[in-house]
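Worksheet: one structure, shown below.
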2 protein chains.
Amino acid sequence: MAGLRERQKATRHRDILEAAGTLFRRAGYADTSIEAIAERAEVAPGTVYNYFQSKGDLLLALVALDGEEVRSIGSEMIAEPHADAFSAVQNLLESYVDHSLVHLTKELWRNAIATALTQPDSPFGLGYAALDRKLANQVGDLVACLQEQALIDREIDARVAGNVLFEICNSLFVVFVTQEAMPMEQLKRRMAEQIVLVFAGLQGKNSGSTRRK
Amino acid sequence: MAGLRERQKATRHRDILEAAGTLFRRAGYADTSIEAIAERAEVAPGTVYNYFQSKGDLLLALVALDGEEVRSIGSEMIAEPHADAFSAVQNLLESYVDHSLVHLTKELWRNAIATALTQPDSPFGLGYAALDRKLANQVGDLVACLQEQALIDREIDARVAGNVLFEICNSLFVVFVTQEAMPMEQLKRRMAEQIVLVFAGLQGKNSGSTRRK
DNA sequence: CGCGGAAAATGAATTGACTTAATTTTGTAG
DNA sequence: CTACAAAATTAAGTCAATTCATTTTCCGCG
């Protein structure tokens with residue numbers, strides 16, 4: 001059974017994460033001190049470190065929650081029937097970015113990506129990288145699925161195609177979060193033009209792949 | 001004429017940058033303190049902040065030097081004659097990553113990218129973003145150049161294609177620097193397979209672009 | 001020469017993330 | 001009920017980046 005100890009631990013974990021989420025969103029990442037998070041969670045500053053390795057881990061834990069949400073929405077989208085390949089891919093990738101600002105701000109994304117980069121071997125750094133890979137694979141799964149329906153050339157390596165499509169959007173997303181003024185609309189426009197370009201190579205009009213000589 | 005003051009200022013700037021570069025490479029970014037940099041440059045800690053806004057700016061200044069080098073090498077490569085489109089693009093993109101580890105380590109790249117992300121509005125943060133854009137445009141220029149030689153379909157938007165190609169490599173480069181163990185060879189292999197895939201859509205075998213319905 | 005003021009250098013003080021070692025609390029076995 | 005091992009909590013540090021009030025240095029001018 002769940003001992004008191006277990007329950008308290010889970011509660012604290014949640015409390016701290018919630019406090020951090022609220023304050024991060026309200027005051028920004030840099031201007032939120034661990035002390036303030038601890039106070040809001042009714043806990044001593046040091047206690048925060050029993051649950052999270054660092055301030056960055058706290059942020060990445062929030063991102064991870066979001067990531068799982070996006071991934072599960074994505075897997076539902078893959079299961080749905082697809083009219084054409086282009087819009088299937090576009091819809092999936094747009095669903096990722098659509099959800100990005102529901103729980104997080106651009107500033108939080110910037111800091112999350114930065115933390116994942118500077119601490120690549122910490123548990124959450126690894127977690128962030130794993131999430132990226134999962135989403136790229138998900139796009140790859142969609143491509144494979146579209147191949148089965150003959151909507152995309154079967155000669156194409158679905159894994160590579162998934163990576164390319166995901167990475168393009170990821171790069172554009174990074175630009176999006178670094179430019180506070182850039183509207184979501186513009187991000188999607190750029191995504192669309194780049195996906196179209198890649199798609200021109202995914203249709204397999206005749207020979208499809210390019211080999212030297 | 002250059003007064004003593006001007007000259008001293010330039011000297012200090014160079015001294016500090018050199019000290020930082022040496023120590024960053026030797027001990028790593030995190031383990032190099034501003035105090036150590038100041039000491040090596042024979043300057044007080046506070047003085048460093050007269051020349052650079054932050055430790056991160058110092059790092060980004062080093063990256064910017066590297067970036068200019070890469071850009072000028074790149075522009076020479078574009079001027080050379082090209083046998084085929086694929087290898088021209090591949091060579092240009094490989095030249096970028098080949099030079100990435102000449103003056104900087106993976107750890108420094110991670111921290112540089114992270115700093116550029118977290119301080120996007122600082123002068124060097126803007127500089128980093130501008131550099132990325134310049135390199136992407138350079139790839140675009142190469143594509144345009146190849147179009148003129150009829151090595152790439154003229155229907156393609158060279159700017160978009162340049163972006164796609166550059167961003168793909170940039171994404172792979174980020175993965176490369178976050179994984180200390182990943183060899184350059186593997187980065188290039190991944191780059192090649194993704195460029196090939198995009199290329200399949202740049203050849204314009206017949207209709208080229210994809211329009212819905 | 002040397003004086004006034006602007007620009008630059010200084011380094012001690014501040015700040016906040018993170019660590020640690022002592023204290024308190026919990027679940028349990030006797 | 002009680003004593004105790006394990007786990008959680010905390011308060012009091014450490015450390016390094018950054019700031020800022022003060023001092024020093026340079027330059028144009030009398």
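The chains in the structure tokens are called A, B, ... from first to last as shown; in each chain the residues are counted from 1, and the ligands are counted from 1 in the order shown.
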Counting only C-alpha atoms (C1' of nucleotides), collect the residues of chain D whose closest atom lies at most 12 Å from chain B, and write them out as an MDAnalysis selection string.
-> chainID D and resid 15:20 25:27
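All residues of protein, DNA or RNA that reach within 8 Å of region 23-29 of chain C, judged by only C-alpha atoms (C1' of nucleotides) and not counting those fewer than 5 positions away in the chain, are Arg5 of chain A; DA7, DA8, DT9 and DT10 of chain D.
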For those residues, write N, CA, C and O atoms (P, O5', C5', C4', C3', O3' and C1' of nucleotides) to a file as a JSON list (two decimals), in the first residue's frame.
[["chain", "number", "residue", "atom", "x", "y", "z"],
["A", 5, "ARG", "N", 4.79, 8.01, 3.79],
["A", 5, "ARG", "CA", 6.04, 8.51, 3.24],
["A", 5, "ARG", "C", 5.95, 8.67, 1.72],
["A", 5, "ARG", "O", 6.29, 9.70, 1.16],
["D", 7, "DA", "P", 16.94, 4.44, 2.89],
["D", 7, "DA", "O5'", 16.01, 5.74, 2.89],
["D", 7, "DA", "C5'", 14.67, 5.66, 3.37],
["D", 7, "DA", "C4'", 14.16, 7.06, 3.63],
["D", 7, "DA", "C3'", 14.58, 8.06, 2.56],
["D", 7, "DA", "O3'", 13.40, 8.68, 2.08],
["D", 7, "DA", "C1'", 15.06, 8.89, 4.74],
["D", 8, "DA", "P", 13.50, 9.90, 1.02],
["D", 8, "DA", "O5'", 13.21, 11.16, 1.97],
["D", 8, "DA", "C5'", 12.08, 11.12, 2.83],
["D", 8, "DA", "C4'", 12.00, 12.41, 3.61],
["D", 8, "DA", "C3'", 12.11, 13.68, 2.77],
["D", 8, "DA", "O3'", 11.11, 14.58, 3.21],
["D", 8, "DA", "C1'", 13.76, 13.69, 4.46],
["D", 9, "DT", "P", 10.94, 16.00, 2.52],
["D", 9, "DT", "O5'", 11.74, 16.90, 3.54],
["D", 9, "DT", "C5'", 11.25, 17.03, 4.89],
["D", 9, "DT", "C4'", 12.14, 17.97, 5.67],
["D", 9, "DT", "C3'", 12.37, 19.33, 5.01],
["D", 9, "DT", "O3'", 11.77, 20.32, 5.85],
["D", 9, "DT", "C1'", 14.41, 18.38, 5.84],
["D", 10, "DT", "P", 11.63, 21.83, 5.33],
["D", 10, "DT", "O5'", 12.95, 22.43, 5.96],
["D", 10, "DT", "C5'", 13.19, 22.22, 7.36],
["D", 10, "DT", "C4'", 14.60, 22.61, 7.70],
["D", 10, "DT", "C3'", 15.03, 23.95, 7.13],
["D", 10, "DT", "O3'", 15.22, 24.85, 8.20],
["D", 10, "DT", "C1'", 16.75, 22.31, 6.88]]
Identify all chain B residues at most 12 Å from chain C by counting only C-alpha atoms (C1' of nucleotides); ligands do not count. Present them as a ChimeraX atom specification.
-> /B:5-6,8-9,12,35,38,42-51
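Nearest residue to Gln186 (chain A), choosing from A:Val97, A:Ala20, A:Leu58, A:Ala64 and counting only C-alpha atoms: A:Val97.
Neighbours of Leu135 (chain A) closer than or equal to 10 Å, with only C-alpha atoms (C1' of nucleotides) counted and sequence neighbours fewer than 6 positions away skipped, come out as Gly67, Glu68, Val70, Arg71, Gly74, Ser75, Leu93, Tyr96, Asp141, Gly162, Asn163, Phe166 and Glu167 of chain A.
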Would you output that residue set with C-alpha atoms, as an mmCIF file, in the first residue's frame?
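Wrote again_3.cif, looks like this:
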data_model
loop_
_atom_site.group_PDB
_atom_site.id
_atom_site.type_symbol
_atom_site.label_atom_id
_atom_site.label_comp_id
_atom_site.auth_asym_id
_atom_site.auth_seq_id
_atom_site.Cartn_x
_atom_site.Cartn_y
_atom_site.Cartn_z
ATOM 1 C CA GLY A 67 6.519 16.449 -24.615
ATOM 2 C CA GLU A 68 4.631 13.366 -23.548
ATOM 3 C CA VAL A 70 2.464 16.101 -27.699
ATOM 4 C CA ARG A 71 3.699 12.624 -28.412
ATOM 5 C CA GLY A 74 0.778 12.756 -32.379
ATOM 6 C CA SER A 75 0.311 9.010 -32.182
ATOM 7 C CA LEU A 93 4.252 18.822 -37.465
ATOM 8 C CA TYR A 96 3.762 19.806 -32.339
ATOM 9 C CA ASP A 141 6.360 6.269 -38.555
ATOM 10 C CA GLY A 162 11.248 11.487 -40.632
ATOM 11 C CA ASN A 163 14.467 12.950 -39.322
ATOM 12 C CA PHE A 166 11.360 16.825 -37.940
ATOM 13 C CA GLU A 167 14.711 18.566 -37.885
#
Which residue, A:Ala88, A:Val177, A:Leu117, A:Ile37, has the smallest gap to chain B when you use only C-alpha atoms?
-> A:Leu117
Residues within 10 Å of Phe24 (chain B), only C-alpha atoms (C1' of nucleotides), excluding chain neighbours under 4 positions, as a ChimeraX atom specification | /B:18-20,28-33,37,59,104-105,107-108
Would you mind writing down, as an mmCIF file with C-alpha atoms, in the first residue's frame, each residue of region 37-207 of chain A that DSSP on the backbone assigns to alpha helix (DSSP H)?
data_model
loop_
_atom_site.group_PDB
_atom_site.id
_atom_site.type_symbol
_atom_site.label_atom_id
_atom_site.label_comp_id
_atom_site.auth_asym_id
_atom_site.auth_seq_id
_atom_site.Cartn_x
_atom_site.Cartn_y
_atom_site.Cartn_z
ATOM 1 C CA ILE A 37 9.848 28.241 -5.656
ATOM 2 C CA ALA A 38 10.582 26.671 -2.277
ATOM 3 C CA GLU A 39 8.544 29.298 -0.490
ATOM 4 C CA ARG A 40 5.543 28.830 -2.783
ATOM 5 C CA PRO A 45 15.227 25.675 -0.522
ATOM 6 C CA GLY A 46 17.396 22.625 0.037
ATOM 7 C CA THR A 47 14.410 20.312 -0.251
ATOM 8 C CA VAL A 48 13.943 21.289 -3.867
ATOM 9 C CA TYR A 49 17.281 19.597 -4.526
ATOM 10 C CA ASN A 50 16.054 16.310 -3.105
ATOM 11 C CA TYR A 51 13.519 16.164 -5.870
ATOM 12 C CA LYS A 55 16.920 24.536 -11.542
ATOM 13 C CA GLY A 56 17.390 23.364 -15.099
ATOM 14 C CA ASP A 57 16.115 19.890 -14.279
ATOM 15 C CA LEU A 58 13.013 21.459 -12.849
ATOM 16 C CA LEU A 59 12.393 23.214 -16.142
ATOM 17 C CA LEU A 60 13.145 20.129 -18.187
ATOM 18 C CA ALA A 61 10.686 18.162 -16.059
ATOM 19 C CA LEU A 62 8.002 20.633 -17.111
ATOM 20 C CA VAL A 63 9.054 20.328 -20.742
ATOM 21 C CA ALA A 64 8.980 16.554 -20.488
ATOM 22 C CA LEU A 65 5.358 16.649 -19.344
ATOM 23 C CA ASP A 66 4.523 18.724 -22.380
ATOM 24 C CA GLY A 67 6.519 16.449 -24.615
ATOM 25 C CA GLU A 68 4.631 13.366 -23.548
ATOM 26 C CA GLU A 69 1.354 15.141 -24.218
ATOM 27 C CA VAL A 70 2.464 16.101 -27.699
ATOM 28 C CA ARG A 71 3.699 12.624 -28.412
ATOM 29 C CA SER A 72 0.419 11.004 -27.456
ATOM 30 C CA ILE A 73 -1.575 13.485 -29.515
ATOM 31 C CA GLY A 74 0.778 12.756 -32.379
ATOM 32 C CA SER A 75 0.311 9.010 -32.182
ATOM 33 C CA GLU A 76 -3.451 9.499 -32.390
ATOM 34 C CA MET A 77 -2.999 11.636 -35.473
ATOM 35 C CA ILE A 78 -0.981 8.924 -37.171
ATOM 36 C CA ALA A 79 -3.746 6.419 -36.572
ATOM 37 C CA ALA A 85 0.723 12.784 -47.741
ATOM 38 C CA PHE A 86 1.576 16.457 -47.620
ATOM 39 C CA SER A 87 -1.236 17.494 -45.320
ATOM 40 C CA ALA A 88 -0.779 14.438 -43.124
ATOM 41 C CA VAL A 89 2.825 15.429 -42.478
ATOM 42 C CA GLN A 90 1.998 19.099 -42.206
ATOM 43 C CA ASN A 91 -0.782 18.431 -39.703
ATOM 44 C CA LEU A 92 1.447 16.292 -37.522
ATOM 45 C CA LEU A 93 4.252 18.822 -37.465
ATOM 46 C CA GLU A 94 1.881 21.715 -36.879
ATOM 47 C CA SER A 95 0.338 19.839 -33.976
ATOM 48 C CA TYR A 96 3.762 19.806 -32.339
ATOM 49 C CA VAL A 97 4.273 23.530 -32.555
ATOM 50 C CA ASP A 98 0.647 24.307 -31.778
ATOM 51 C CA HIS A 99 1.037 22.681 -28.394
ATOM 52 C CA SER A 100 4.404 24.199 -27.658
ATOM 53 C CA LEU A 101 3.029 27.406 -26.184
ATOM 54 C CA VAL A 102 0.114 25.946 -24.237
ATOM 55 C CA HIS A 103 2.050 25.342 -21.041
ATOM 56 C CA LYS A 106 9.205 31.167 -25.604
ATOM 57 C CA GLU A 107 11.590 32.176 -22.854
ATOM 58 C CA LEU A 108 11.085 28.856 -21.079
ATOM 59 C CA TRP A 109 11.763 26.953 -24.289
ATOM 60 C CA ARG A 110 14.944 28.891 -24.853
ATOM 61 C CA ASN A 111 16.153 28.062 -21.385
ATOM 62 C CA ALA A 112 15.058 24.448 -21.634
ATOM 63 C CA ILE A 113 16.910 23.890 -24.882
ATOM 64 C CA ALA A 114 19.946 25.689 -23.461
ATOM 65 C CA THR A 115 19.919 23.549 -20.323
ATOM 66 C CA ALA A 116 19.554 20.338 -22.281
ATOM 67 C CA LEU A 117 22.566 21.408 -24.328
ATOM 68 C CA THR A 118 24.817 22.358 -21.453
ATOM 69 C CA PRO A 123 19.016 12.549 -16.560
ATOM 70 C CA PHE A 124 16.814 15.292 -17.924
ATOM 71 C CA GLY A 125 19.323 16.286 -20.543
ATOM 72 C CA LEU A 126 19.176 12.724 -21.778
ATOM 73 C CA GLY A 127 15.417 12.816 -21.423
ATOM 74 C CA TYR A 128 15.159 15.860 -23.641
ATOM 75 C CA ALA A 129 17.328 14.295 -26.322
ATOM 76 C CA ALA A 130 15.265 11.118 -26.108
ATOM 77 C CA LEU A 131 12.071 13.096 -26.565
ATOM 78 C CA ASP A 132 13.438 14.726 -29.682
ATOM 79 C CA ARG A 133 14.349 11.345 -31.046
ATOM 80 C CA LYS A 134 10.909 9.953 -30.247
ATOM 81 C CA LEU A 135 9.188 12.755 -32.093
ATOM 82 C CA ALA A 136 11.512 12.389 -35.079
ATOM 83 C CA ASN A 137 10.718 8.664 -35.088
ATOM 84 C CA GLN A 138 7.050 9.454 -34.914
ATOM 85 C CA VAL A 139 7.339 11.491 -38.082
ATOM 86 C CA GLY A 140 9.239 8.563 -39.549
ATOM 87 C CA ASP A 141 6.360 6.269 -38.555
ATOM 88 C CA LEU A 142 3.925 8.538 -40.332
ATOM 89 C CA VAL A 143 6.066 8.460 -43.455
ATOM 90 C CA ALA A 144 6.201 4.658 -43.293
ATOM 91 C CA CYS A 145 2.453 4.559 -42.848
ATOM 92 C CA LEU A 146 1.969 6.803 -45.878
ATOM 93 C CA GLN A 147 4.286 4.558 -47.840
ATOM 94 C CA GLU A 148 2.050 1.580 -47.112
ATOM 95 C CA ALA A 158 11.249 6.493 -43.826
ATOM 96 C CA ARG A 159 13.602 6.915 -40.872
ATOM 97 C CA VAL A 160 15.779 9.409 -42.710
ATOM 98 C CA ALA A 161 12.771 11.229 -44.100
ATOM 99 C CA GLY A 162 11.248 11.487 -40.632
ATOM 100 C CA ASN A 163 14.467 12.950 -39.322
ATOM 101 C CA VAL A 164 14.731 15.490 -42.099
ATOM 102 C CA LEU A 165 11.151 16.655 -41.697
ATOM 103 C CA PHE A 166 11.360 16.825 -37.940
ATOM 104 C CA GLU A 167 14.711 18.566 -37.885
ATOM 105 C CA ILE A 168 13.602 21.208 -40.330
ATOM 106 C CA CYS A 169 10.683 22.064 -38.097
ATOM 107 C CA ASN A 170 12.822 21.876 -35.018
ATOM 108 C CA SER A 171 15.275 24.373 -36.477
ATOM 109 C CA LEU A 172 12.471 26.710 -37.420
ATOM 110 C CA PHE A 173 11.018 26.285 -33.958
ATOM 111 C CA VAL A 174 14.305 27.336 -32.396
ATOM 112 C CA VAL A 175 14.309 30.464 -34.552
ATOM 113 C CA PHE A 176 10.692 31.026 -33.522
ATOM 114 C CA VAL A 177 11.421 30.919 -29.806
ATOM 115 C CA THR A 178 14.507 33.088 -30.094
ATOM 116 C CA MET A 184 3.089 31.372 -34.890
ATOM 117 C CA GLU A 185 1.567 32.103 -38.281
ATOM 118 C CA GLN A 186 4.968 32.918 -39.727
ATOM 119 C CA LEU A 187 6.525 29.807 -38.250
ATOM 120 C CA LYS A 188 3.877 27.706 -39.964
ATOM 121 C CA ARG A 189 4.335 29.505 -43.249
ATOM 122 C CA ARG A 190 8.042 28.751 -43.198
ATOM 123 C CA MET A 191 7.406 25.170 -42.168
ATOM 124 C CA ALA A 192 5.023 24.746 -45.071
ATOM 125 C CA GLU A 193 7.424 26.090 -47.674
ATOM 126 C CA GLN A 194 10.217 23.879 -46.447
ATOM 127 C CA ILE A 195 8.054 20.778 -46.185
ATOM 128 C CA VAL A 196 6.839 21.373 -49.742
ATOM 129 C CA LEU A 197 10.411 21.488 -50.900
ATOM 130 C CA VAL A 198 11.337 18.252 -49.203
ATOM 131 C CA PHE A 199 8.157 16.678 -50.458
#
Please measure the separation of C1' of DA21 (chain D) and CA of His13 (chain B), giving the value in Å to one decimal.
-> 24.0 Å
Point-to-point distance from CA of Glu80 (chain A) to CA of Ile152 (chain A), Å rounded to tenths | 16.7 Å
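Each of A:Gln119, A:Pro183, A:Ala200, A:Arg7 was checked against chain B using only C-alpha atoms; the smallest atom-to-atom distance is that of A:Ala200.
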